[in-house]
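Below: the structure, in structure tokens.
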Amino acid sequence: MKITGLEVLTLPDHGDSMMLVVVDTDEGIHGLGEVGIRSRQRAVAGGLEHLAELIVGEDPRRIEHLWQVMFRRGFFPADRILGAAIAAVDVALWDIRGKALGVPVHELLGGRVRDHVPAYVHVGDGYHDRAGFLDRCRGLVAEGWRHLRFASPHDADGTLDARRCLRDSVALFHQVRDAVGDEVELILDVHTRLDPPEALTLCREIEAARPYFVEDPLRCENPDSYRMLRARTGVPLAAGEQYGSKWEFRTLIEDDLIDYARVDVGVAAGLTEAKKIAAMAETHHIKLATHNPLGPVTAASSLQLNLACPNVAVQEHQTDLEPAIAALFTARPTILPGRVEPSDLPGIGIGIDREEARRYQAAAAERPQLRTADGAFTNW
């Protein structure tokens, strides 16, 4: 079997762009992957164009070999942008391998270790309508969700005042806990918006409300910044969705600075690398909480990983698709309130109508931008 080509499909998704990669072979089997970075997609597209030159004509079954070639060739190792391109290709190669053998990918990763994968859901925005927000929390719990995720609030005009964000986050968290009771797990995503002093105060102020974990309380560039936070709060910490390799996860894992590894299969160089990160985390009793606010392809690949890894806590539920885009997928994961069901479909368990998908040429939207009160740029 030989790789004959690589095709990029860009689909609209709520004003944004879903970037998919199809790898074709001379035996008529194709694989599907997804780029986990939705900003800077033109840079990722350039990376994919280069990767195509490296893999066309190669045997797609040599997945580890091709990963090493894509990541290390050219002297400079891949960064996060190229890592996301590699991730999409790598997942597509696993999809091809599973389809060629007629088995789901989790069977190739060691087989199922669980009957389904627990999942959490986004409550959504609406911090400025607190009553409505709390009603949504209650409604999701009534549907059967047992893990709710919401983010630290900012002003409606795009201004982020760190001290006000701190106060509002603490108040919001306690209000949600009171609204849903003790049996529901709550996840607060700080979205890297706070500096260490505010992040520390936030974590300590919500400890009594027993968060499942606090996600990305600090920026990712310097993992050593988690040392202070780790030493001074008992709140479970989660990070890693912006990391593109096991080397970037190394400090957080080896120094026990987090409790949950937020591996994104579409960013962290694919299933090949994610399985290794999971093994590293297992040696430190760190669980996976796979990141996926994006599309069904990443949901499908995350499901395959999570079915085969023993140290999995929860999988992020991707946002709902627009009906016309959802109709393009001929198969996709079954997501029920609170869980993702396993699939016996070969490969990663997803299909797409490529002819119809080619009719779309969506452009990636620029990420929202927040500024401080004095006009300085800050993290979204």
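Chains: A, B, ... in order of the structure tokens. Residues: from 1 per chain. Ligands: from 1, in order shown.
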
Next item on the list: Enumerate as number ranges by chain all residues of stretch 86-281 of chain A assigned to strand (DSSP E) by DSSP on the backbone, naming them with the chain letters and numbers the document uses.
Entry: A: 117-122, 147-151, 185-189, 213-215, 237-239, 260-261

Written selection (N, CA and C atoms) as a JSON list (two decimals), in the first residue's frame:
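And here's selection04.json as it stands now:
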[["chain", "number", "residue", "atom", "x", "y", "z"],
["A", 117, "VAL", "N", -16.75, 6.11, 27.53],
["A", 117, "VAL", "CA", -15.86, 7.16, 28.04],
["A", 117, "VAL", "C", -16.71, 8.27, 28.66],
["A", 118, "PRO", "N", -16.50, 8.58, 29.93],
["A", 118, "PRO", "CA", -17.22, 9.71, 30.53],
["A", 118, "PRO", "C", -16.93, 11.00, 29.78],
["A", 119, "ALA", "N", -17.92, 11.88, 29.71],
["A", 119, "ALA", "CA", -17.76, 13.13, 28.94],
["A", 119, "ALA", "C", -18.31, 14.30, 29.74],
["A", 120, "TYR", "N", -17.74, 15.47, 29.49],
["A", 120, "TYR", "CA", -18.29, 16.68, 30.08],
["A", 120, "TYR", "C", -18.77, 17.62, 28.99],
["A", 121, "VAL", "N", -19.62, 18.55, 29.38],
["A", 121, "VAL", "CA", -20.27, 19.44, 28.42],
["A", 121, "VAL", "C", -20.00, 20.89, 28.79],
["A", 122, "HIS", "N", -19.96, 21.75, 27.79],
["A", 122, "HIS", "CA", -19.85, 23.19, 28.02],
["A", 122, "HIS", "C", -21.22, 23.76, 28.38],
["A", 147, "HIS", "N", -20.78, 16.15, 34.55],
["A", 147, "HIS", "CA", -19.59, 17.02, 34.55],
["A", 147, "HIS", "C", -19.94, 18.26, 33.74],
["A", 148, "LEU", "N", -19.87, 19.43, 34.36],
["A", 148, "LEU", "CA", -20.17, 20.69, 33.70],
["A", 148, "LEU", "C", -18.92, 21.55, 33.64],
["A", 149, "ARG", "N", -18.70, 22.19, 32.49],
["A", 149, "ARG", "CA", -17.55, 23.06, 32.32],
["A", 149, "ARG", "C", -18.02, 24.47, 31.99],
["A", 150, "PHE", "N", -17.40, 25.47, 32.62],
["A", 150, "PHE", "CA", -17.66, 26.87, 32.28],
["A", 150, "PHE", "C", -16.37, 27.64, 32.49],
["A", 151, "ALA", "N", -16.29, 28.80, 31.86],
["A", 151, "ALA", "CA", -15.05, 29.57, 31.85],
["A", 151, "ALA", "C", -15.15, 30.79, 32.74],
["A", 185, "GLU", "N", -19.92, 17.16, 39.07],
["A", 185, "GLU", "CA", -18.54, 17.63, 39.03],
["A", 185, "GLU", "C", -18.45, 18.92, 38.21],
["A", 186, "LEU", "N", -17.72, 19.90, 38.74],
["A", 186, "LEU", "CA", -17.61, 21.21, 38.11],
["A", 186, "LEU", "C", -16.18, 21.48, 37.67],
["A", 187, "ILE", "N", -16.04, 21.97, 36.45],
["A", 187, "ILE", "CA", -14.76, 22.29, 35.86],
["A", 187, "ILE", "C", -14.73, 23.77, 35.52],
["A", 188, "LEU", "N", -13.77, 24.48, 36.06],
["A", 188, "LEU", "CA", -13.60, 25.91, 35.77],
["A", 188, "LEU", "C", -12.41, 26.09, 34.84],
["A", 189, "ASP", "N", -12.66, 26.64, 33.66],
["A", 189, "ASP", "CA", -11.61, 26.92, 32.68],
["A", 189, "ASP", "C", -11.21, 28.39, 32.80],
["A", 213, "PHE", "N", -11.62, 19.97, 38.51],
["A", 213, "PHE", "CA", -10.30, 20.56, 38.28],
["A", 213, "PHE", "C", -10.46, 21.99, 37.80],
["A", 214, "VAL", "N", -9.39, 22.76, 37.98],
["A", 214, "VAL", "CA", -9.28, 24.10, 37.42],
["A", 214, "VAL", "C", -8.36, 23.99, 36.21],
["A", 215, "GLU", "N", -8.87, 24.42, 35.06],
["A", 215, "GLU", "CA", -8.17, 24.24, 33.80],
["A", 215, "GLU", "C", -7.41, 25.50, 33.39],
["A", 237, "LEU", "N", -5.42, 20.50, 39.39],
["A", 237, "LEU", "CA", -5.04, 21.36, 38.28],
["A", 237, "LEU", "C", -4.97, 20.57, 36.98],
["A", 238, "ALA", "N", -5.36, 21.21, 35.89],
["A", 238, "ALA", "CA", -5.33, 20.59, 34.56],
["A", 238, "ALA", "C", -4.71, 21.56, 33.57],
["A", 239, "ALA", "N", -3.87, 21.03, 32.67],
["A", 239, "ALA", "CA", -3.22, 21.88, 31.66],
["A", 239, "ALA", "C", -2.71, 20.99, 30.54],
["A", 260, "TYR", "N", -4.45, 16.47, 35.88],
["A", 260, "TYR", "CA", -5.10, 16.04, 34.65],
["A", 260, "TYR", "C", -4.34, 16.60, 33.46],
["A", 261, "ALA", "N", -3.99, 15.72, 32.52],
["A", 261, "ALA", "CA", -3.29, 16.12, 31.31],
["A", 261, "ALA", "C", -4.31, 16.39, 30.21]]

Checklist line | Residue neighbourhood stretch 269-272 of chain A, 6 Å, only C-alpha atoms, exclusion window fewer than 5 positions, as a VMD selection string | finding: chain A and resid 83 to 84 86 to 87 90 to 91 244

Checklist line | Between atom CA of A:Ala78 and atom CA of A:Ala268, distance in Å (one decimal) | finding: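 Pair atom CA of A:Ala78 / atom CA of A:Ala268 returns 10.6 Å.
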
Note to self: Report as a ChimeraX atom specification all protein, DNA and RNA residues lying within 10 Å of A:Leu66, evaluated on only C-alpha atoms, omitting residues in the same chain fewer than 2 positions from it.
What the structure shows: /A:51,54-55,58-64,68-72,86,89-90,93

May I have the selected residues written with N, CA and C atoms, as an mmCIF file, in the first residue's frame?
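Saved as out.cif:
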data_model
loop_
_atom_site.group_PDB
_atom_site.id
_atom_site.type_symbol
_atom_site.label_atom_id
_atom_site.label_comp_id
_atom_site.auth_asym_id
_atom_site.auth_seq_id
_atom_site.Cartn_x
_atom_site.Cartn_y
_atom_site.Cartn_z
ATOM 1 N N LEU A 51 4.370 18.471 4.373
ATOM 2 C CA LEU A 51 4.287 17.083 4.821
ATOM 3 C C LEU A 51 3.870 16.153 3.685
ATOM 4 N N LEU A 54 6.659 14.791 1.876
ATOM 5 C CA LEU A 54 7.432 13.785 2.606
ATOM 6 C C LEU A 54 6.770 12.414 2.600
ATOM 7 N N ILE A 55 5.438 12.363 2.564
ATOM 8 C CA ILE A 55 4.763 11.080 2.785
ATOM 9 C C ILE A 55 4.189 10.448 1.529
ATOM 10 N N GLU A 58 4.963 6.790 0.288
ATOM 11 C CA GLU A 58 5.375 5.964 1.420
ATOM 12 C C GLU A 58 4.257 4.985 1.807
ATOM 13 N N ASP A 59 4.633 3.996 2.604
ATOM 14 C CA ASP A 59 3.693 2.996 3.099
ATOM 15 C C ASP A 59 2.972 3.565 4.313
ATOM 16 N N PRO A 60 1.633 3.752 4.254
ATOM 17 C CA PRO A 60 0.928 4.379 5.378
ATOM 18 C C PRO A 60 0.887 3.513 6.622
ATOM 19 N N ARG A 61 1.234 2.238 6.496
ATOM 20 C CA ARG A 61 1.209 1.351 7.656
ATOM 21 C C ARG A 61 2.412 1.565 8.571
ATOM 22 N N ARG A 62 3.428 2.253 8.086
ATOM 23 C CA ARG A 62 4.619 2.537 8.906
ATOM 24 C C ARG A 62 4.386 3.832 9.694
ATOM 25 N N ILE A 63 3.430 3.791 10.595
ATOM 26 C CA ILE A 63 2.950 5.013 11.248
ATOM 27 C C ILE A 63 4.036 5.648 12.110
ATOM 28 N N GLU A 64 4.692 4.859 12.936
ATOM 29 C CA GLU A 64 5.740 5.420 13.802
ATOM 30 C C GLU A 64 6.881 5.985 12.968
ATOM 31 N N GLN A 68 8.120 9.967 12.891
ATOM 32 C CA GLN A 68 9.488 10.429 13.129
ATOM 33 C C GLN A 68 9.988 11.290 11.965
ATOM 34 N N VAL A 69 9.674 10.880 10.744
ATOM 35 C CA VAL A 69 10.081 11.653 9.572
ATOM 36 C C VAL A 69 9.436 13.033 9.587
ATOM 37 N N MET A 70 8.125 13.073 9.834
ATOM 38 C CA MET A 70 7.401 14.350 9.809
ATOM 39 C C MET A 70 7.858 15.269 10.932
ATOM 40 N N PHE A 71 8.114 14.717 12.111
ATOM 41 C CA PHE A 71 8.439 15.548 13.268
ATOM 42 C C PHE A 71 9.897 16.010 13.262
ATOM 43 N N ARG A 72 10.801 15.149 12.809
ATOM 44 C CA ARG A 72 12.234 15.415 13.000
ATOM 45 C C ARG A 72 12.983 15.802 11.735
ATOM 46 N N ILE A 86 0.935 17.569 11.720
ATOM 47 C CA ILE A 86 1.327 16.173 11.888
ATOM 48 C C ILE A 86 0.202 15.385 12.551
ATOM 49 N N VAL A 89 -2.426 14.313 10.035
ATOM 50 C CA VAL A 89 -1.929 13.249 9.166
ATOM 51 C C VAL A 89 -1.810 11.937 9.940
ATOM 52 N N ASP A 90 -1.285 12.013 11.148
ATOM 53 C CA ASP A 90 -1.093 10.809 11.958
ATOM 54 C C ASP A 90 -2.424 10.106 12.237
ATOM 55 N N LEU A 93 -3.541 8.301 9.243
ATOM 56 C CA LEU A 93 -2.808 7.056 9.027
ATOM 57 C C LEU A 93 -3.354 5.938 9.909
#

What are the nearest atom pairs, with distances in Å to one decimal, for all residues of stretch 66-147 of chain A that come at most 8 Å from stretch 291-312 of chain A, using only C-alpha atoms, set out by chain and rising residue number as JSON lines?
{"residue": "A:Val91", "atom": "CA", "partner": "A:Ser301", "partner_atom": "CA", "distance": 7.0}
{"residue": "A:Pro104", "atom": "CA", "partner": "A:Gln304", "partner_atom": "CA", "distance": 7.7}
{"residue": "A:Val105", "atom": "CA", "partner": "A:Gln304", "partner_atom": "CA", "distance": 6.0}
{"residue": "A:His106", "atom": "CA", "partner": "A:Gln304", "partner_atom": "CA", "distance": 4.8}
{"residue": "A:Glu107", "atom": "CA", "partner": "A:Ala308", "partner_atom": "CA", "distance": 7.7}
{"residue": "A:Leu109", "atom": "CA", "partner": "A:Ala308", "partner_atom": "CA", "distance": 6.0}
{"residue": "A:Gly110", "atom": "CA", "partner": "A:Ala308", "partner_atom": "CA", "distance": 6.0}
{"residue": "A:Gly111", "atom": "CA", "partner": "A:Ala308", "partner_atom": "CA", "distance": 5.5}
{"residue": "A:Arg112", "atom": "CA", "partner": "A:Ala308", "partner_atom": "CA", "distance": 4.9}
{"residue": "A:Val113", "atom": "CA", "partner": "A:Ala308", "partner_atom": "CA", "distance": 5.5}
{"residue": "A:Arg114", "atom": "CA", "partner": "A:Leu307", "partner_atom": "CA", "distance": 5.9}
{"residue": "A:Asp115", "atom": "CA", "partner": "A:Leu307", "partner_atom": "CA", "distance": 7.7}
{"residue": "A:His116", "atom": "CA", "partner": "A:Leu307", "partner_atom": "CA", "distance": 7.0}
{"residue": "A:Val117", "atom": "CA", "partner": "A:Leu307", "partner_atom": "CA", "distance": 6.7}

Next, dump the selected residues to file, keeping only N, CA and C atoms, as a compact mmCIF listing (two decimals), in the first residue's frame.
# COMPACT_ATOMS: atom_id res chain seq x y z
N VAL A 91 -3.43 10.87 12.61
CA VAL A 91 -4.76 10.27 12.86
C VAL A 91 -5.29 9.63 11.59
N PRO A 104 -11.63 -1.28 14.68
CA PRO A 104 -11.49 0.08 15.22
C PRO A 104 -10.08 0.29 15.76
N VAL A 105 -9.63 1.53 15.76
CA VAL A 105 -8.25 1.84 16.14
C VAL A 105 -7.96 1.44 17.58
N HIS A 106 -8.95 1.53 18.47
CA HIS A 106 -8.64 1.16 19.86
C HIS A 106 -8.20 -0.30 19.98
N GLU A 107 -8.61 -1.15 19.04
CA GLU A 107 -8.14 -2.52 19.06
C GLU A 107 -6.64 -2.59 18.75
N LEU A 109 -4.57 -0.25 19.61
CA LEU A 109 -3.87 0.40 20.73
C LEU A 109 -3.88 -0.45 22.00
N GLY A 110 -4.36 -1.68 21.88
CA GLY A 110 -4.37 -2.57 23.03
C GLY A 110 -5.73 -3.08 23.43
N GLY A 111 -6.77 -2.59 22.76
CA GLY A 111 -8.12 -3.03 23.08
C GLY A 111 -8.78 -2.17 24.15
N ARG A 112 -10.10 -2.36 24.27
CA ARG A 112 -10.87 -1.55 25.21
C ARG A 112 -10.54 -1.88 26.66
N VAL A 113 -10.40 -0.84 27.46
CA VAL A 113 -10.27 -1.02 28.91
C VAL A 113 -11.52 -0.51 29.64
N ARG A 114 -12.48 0.04 28.90
CA ARG A 114 -13.72 0.53 29.51
C ARG A 114 -14.86 0.37 28.52
N ASP A 115 -16.08 0.39 29.02
CA ASP A 115 -17.27 0.18 28.19
C ASP A 115 -17.75 1.45 27.51
N HIS A 116 -17.41 2.59 28.07
CA HIS A 116 -17.70 3.89 27.46
C HIS A 116 -16.75 4.90 28.08
N VAL A 117 -16.75 6.11 27.53
CA VAL A 117 -15.86 7.16 28.04
C VAL A 117 -16.71 8.27 28.66

Next item on the list: Please identify which residues in stretch 245-348 of chain A DSSP calls helix (DSSP H, G or I) from the backbone, and express them as JSON, numbers by chain.
Entry: {"A": [246, 247, 248, 249, 250, 251, 252, 253, 254, 270, 271, 272, 273, 274, 275, 276, 277, 278, 279, 280, 281, 282, 296, 297, 298, 299, 300, 301, 302, 303, 304, 305, 306, 307, 308, 323, 324, 325, 326]}

Note to self: Between atom CA of A:Met1 and atom CA of A:Val22, what distance in Å does the model show, to one decimal?
What the structure shows: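 Atom-to-atom, atom CA of A:Met1 and atom CA of A:Val22 are spaced 15.9 Å apart.
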
Next item on the list: Would you work out the distance separating atom CA of A:Pro236 from atom CA of A:Ala289, expressed in Å to one decimal?
Entry: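 Separation of atom CA of A:Pro236 and atom CA of A:Ala289: 12.2 Å.
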
Item checked: Near-A:Gly144 list (9 Å; only C-alpha atoms; drop same-chain fewer than 5 positions) as a list in words ->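 The residues satisfying every condition are Gly139, Leu336, Pro337 and Gly338 of chain A.
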
Save out the residues we just selected, N, CA and C atoms, as an mmCIF file, in the first residue's frame.
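Final output, saved to again.cif:
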data_model
loop_
_atom_site.group_PDB
_atom_site.id
_atom_site.type_symbol
_atom_site.label_atom_id
_atom_site.label_comp_id
_atom_site.auth_asym_id
_atom_site.auth_seq_id
_atom_site.Cartn_x
_atom_site.Cartn_y
_atom_site.Cartn_z
ATOM 1 N N GLY A 139 -30.563 22.486 33.820
ATOM 2 C CA GLY A 139 -31.135 21.760 32.697
ATOM 3 C C GLY A 139 -30.212 20.661 32.192
ATOM 4 N N LEU A 336 -23.947 10.592 24.283
ATOM 5 C CA LEU A 336 -25.108 10.663 25.141
ATOM 6 C C LEU A 336 -24.789 11.588 26.310
ATOM 7 N N PRO A 337 -25.791 12.093 27.012
ATOM 8 C CA PRO A 337 -25.492 12.947 28.166
ATOM 9 C C PRO A 337 -24.569 12.249 29.161
ATOM 10 N N GLY A 338 -23.353 12.755 29.248
ATOM 11 C CA GLY A 338 -22.402 12.235 30.215
ATOM 12 C C GLY A 338 -21.473 11.153 29.722
#

Kindly assemble as a tab-separated table a list of the stretch 198-245 of chain A residues that lie within 9 Å of stretch 162-182 of chain A, each paired with its nearest atom pair and their distance in Å to one decimal, using only C-alpha atoms, sorted first by chain and then by ascending residue number.
residue	atom	partner	partner_atom	distance
A:Glu198	CA	A:Leu166	CA	6.3
A:Ala199	CA	A:Leu166	CA	7.6
A:Thr201	CA	A:Leu166	CA	7.7
A:Leu202	CA	A:Leu166	CA	5.9
A:Cys203	CA	A:Val170	CA	8.6
A:Glu205	CA	A:Val170	CA	6.5
A:Ile206	CA	A:Val170	CA	6.1
A:Ala208	CA	A:His174	CA	8.9
A:Ala209	CA	A:His174	CA	6.3
A:Arg210	CA	A:Asp182	CA	8.6
A:Pro211	CA	A:Phe173	CA	8.5

Write a file of the selected residues as a compact mmCIF listing (two decimals), in the first residue's frame, keeping all heavy atoms.
# COMPACT_ATOMS: atom_id res chain seq x y z
N GLU A 198 -3.50 36.25 41.03
CA GLU A 198 -4.95 36.08 40.92
C GLU A 198 -5.33 34.61 40.80
O GLU A 198 -6.33 34.16 41.37
CB GLU A 198 -5.49 36.85 39.72
CG GLU A 198 -5.50 38.37 39.89
CD GLU A 198 -4.14 38.99 39.69
OE1 GLU A 198 -3.28 38.36 39.02
OE2 GLU A 198 -3.90 40.11 40.20
N ALA A 199 -4.53 33.84 40.07
CA ALA A 199 -4.83 32.42 39.91
C ALA A 199 -4.77 31.70 41.25
O ALA A 199 -5.61 30.84 41.55
CB ALA A 199 -3.85 31.79 38.92
N THR A 201 -5.24 33.03 44.31
CA THR A 201 -6.38 33.42 45.13
C THR A 201 -7.65 32.73 44.65
O THR A 201 -8.45 32.25 45.46
CB THR A 201 -6.56 34.95 45.09
OG1 THR A 201 -5.36 35.58 45.54
CG2 THR A 201 -7.72 35.38 45.97
N LEU A 202 -7.84 32.66 43.33
CA LEU A 202 -9.01 31.99 42.79
C LEU A 202 -9.07 30.54 43.24
O LEU A 202 -10.10 30.06 43.74
CB LEU A 202 -8.98 32.06 41.26
CG LEU A 202 -9.98 31.18 40.50
CD1 LEU A 202 -11.40 31.55 40.85
CD2 LEU A 202 -9.76 31.27 39.00
N CYS A 203 -7.99 29.82 43.09
CA CYS A 203 -7.99 28.41 43.45
C CYS A 203 -8.28 28.21 44.94
O CYS A 203 -9.04 27.31 45.33
CB CYS A 203 -6.64 27.77 43.09
SG CYS A 203 -6.37 27.57 41.31
N GLU A 205 -9.92 30.24 46.91
CA GLU A 205 -11.27 30.70 47.26
C GLU A 205 -12.35 29.70 46.85
O GLU A 205 -13.46 29.75 47.38
CB GLU A 205 -11.54 32.05 46.60
CG GLU A 205 -10.74 33.21 47.19
CD GLU A 205 -11.30 33.69 48.52
OE1 GLU A 205 -12.51 33.50 48.76
OE2 GLU A 205 -10.51 34.22 49.33
N ILE A 206 -12.06 28.81 45.88
CA ILE A 206 -13.10 27.85 45.47
C ILE A 206 -12.81 26.44 45.97
O ILE A 206 -13.58 25.52 45.67
CB ILE A 206 -13.28 27.83 43.93
CG1 ILE A 206 -12.02 27.31 43.23
CG2 ILE A 206 -13.67 29.21 43.43
CD1 ILE A 206 -12.24 27.12 41.73
N ALA A 208 -13.31 25.06 48.78
CA ALA A 208 -14.40 24.51 49.58
C ALA A 208 -15.55 23.99 48.73
O ALA A 208 -16.34 23.16 49.19
CB ALA A 208 -14.92 25.57 50.57
N ALA A 209 -15.66 24.46 47.49
CA ALA A 209 -16.73 24.02 46.59
C ALA A 209 -16.32 22.81 45.76
O ALA A 209 -17.07 22.38 44.88
CB ALA A 209 -17.16 25.17 45.67
N ARG A 210 -15.15 22.25 46.02
CA ARG A 210 -14.68 20.99 45.46
C ARG A 210 -14.73 20.93 43.93
O ARG A 210 -15.47 20.13 43.35
CB ARG A 210 -15.49 19.83 46.04
CG ARG A 210 -15.35 19.66 47.55
CD ARG A 210 -16.27 18.61 48.10
NE ARG A 210 -17.65 18.87 47.74
CZ ARG A 210 -18.42 19.78 48.34
NH1 ARG A 210 -17.93 20.51 49.34
NH2 ARG A 210 -19.65 19.97 47.96
N PRO A 211 -13.94 21.75 43.24
CA PRO A 211 -13.88 21.63 41.78
C PRO A 211 -13.29 20.29 41.36
O PRO A 211 -12.42 19.74 42.05
CB PRO A 211 -12.97 22.79 41.37
CG PRO A 211 -12.16 23.09 42.58
CD PRO A 211 -13.04 22.80 43.76
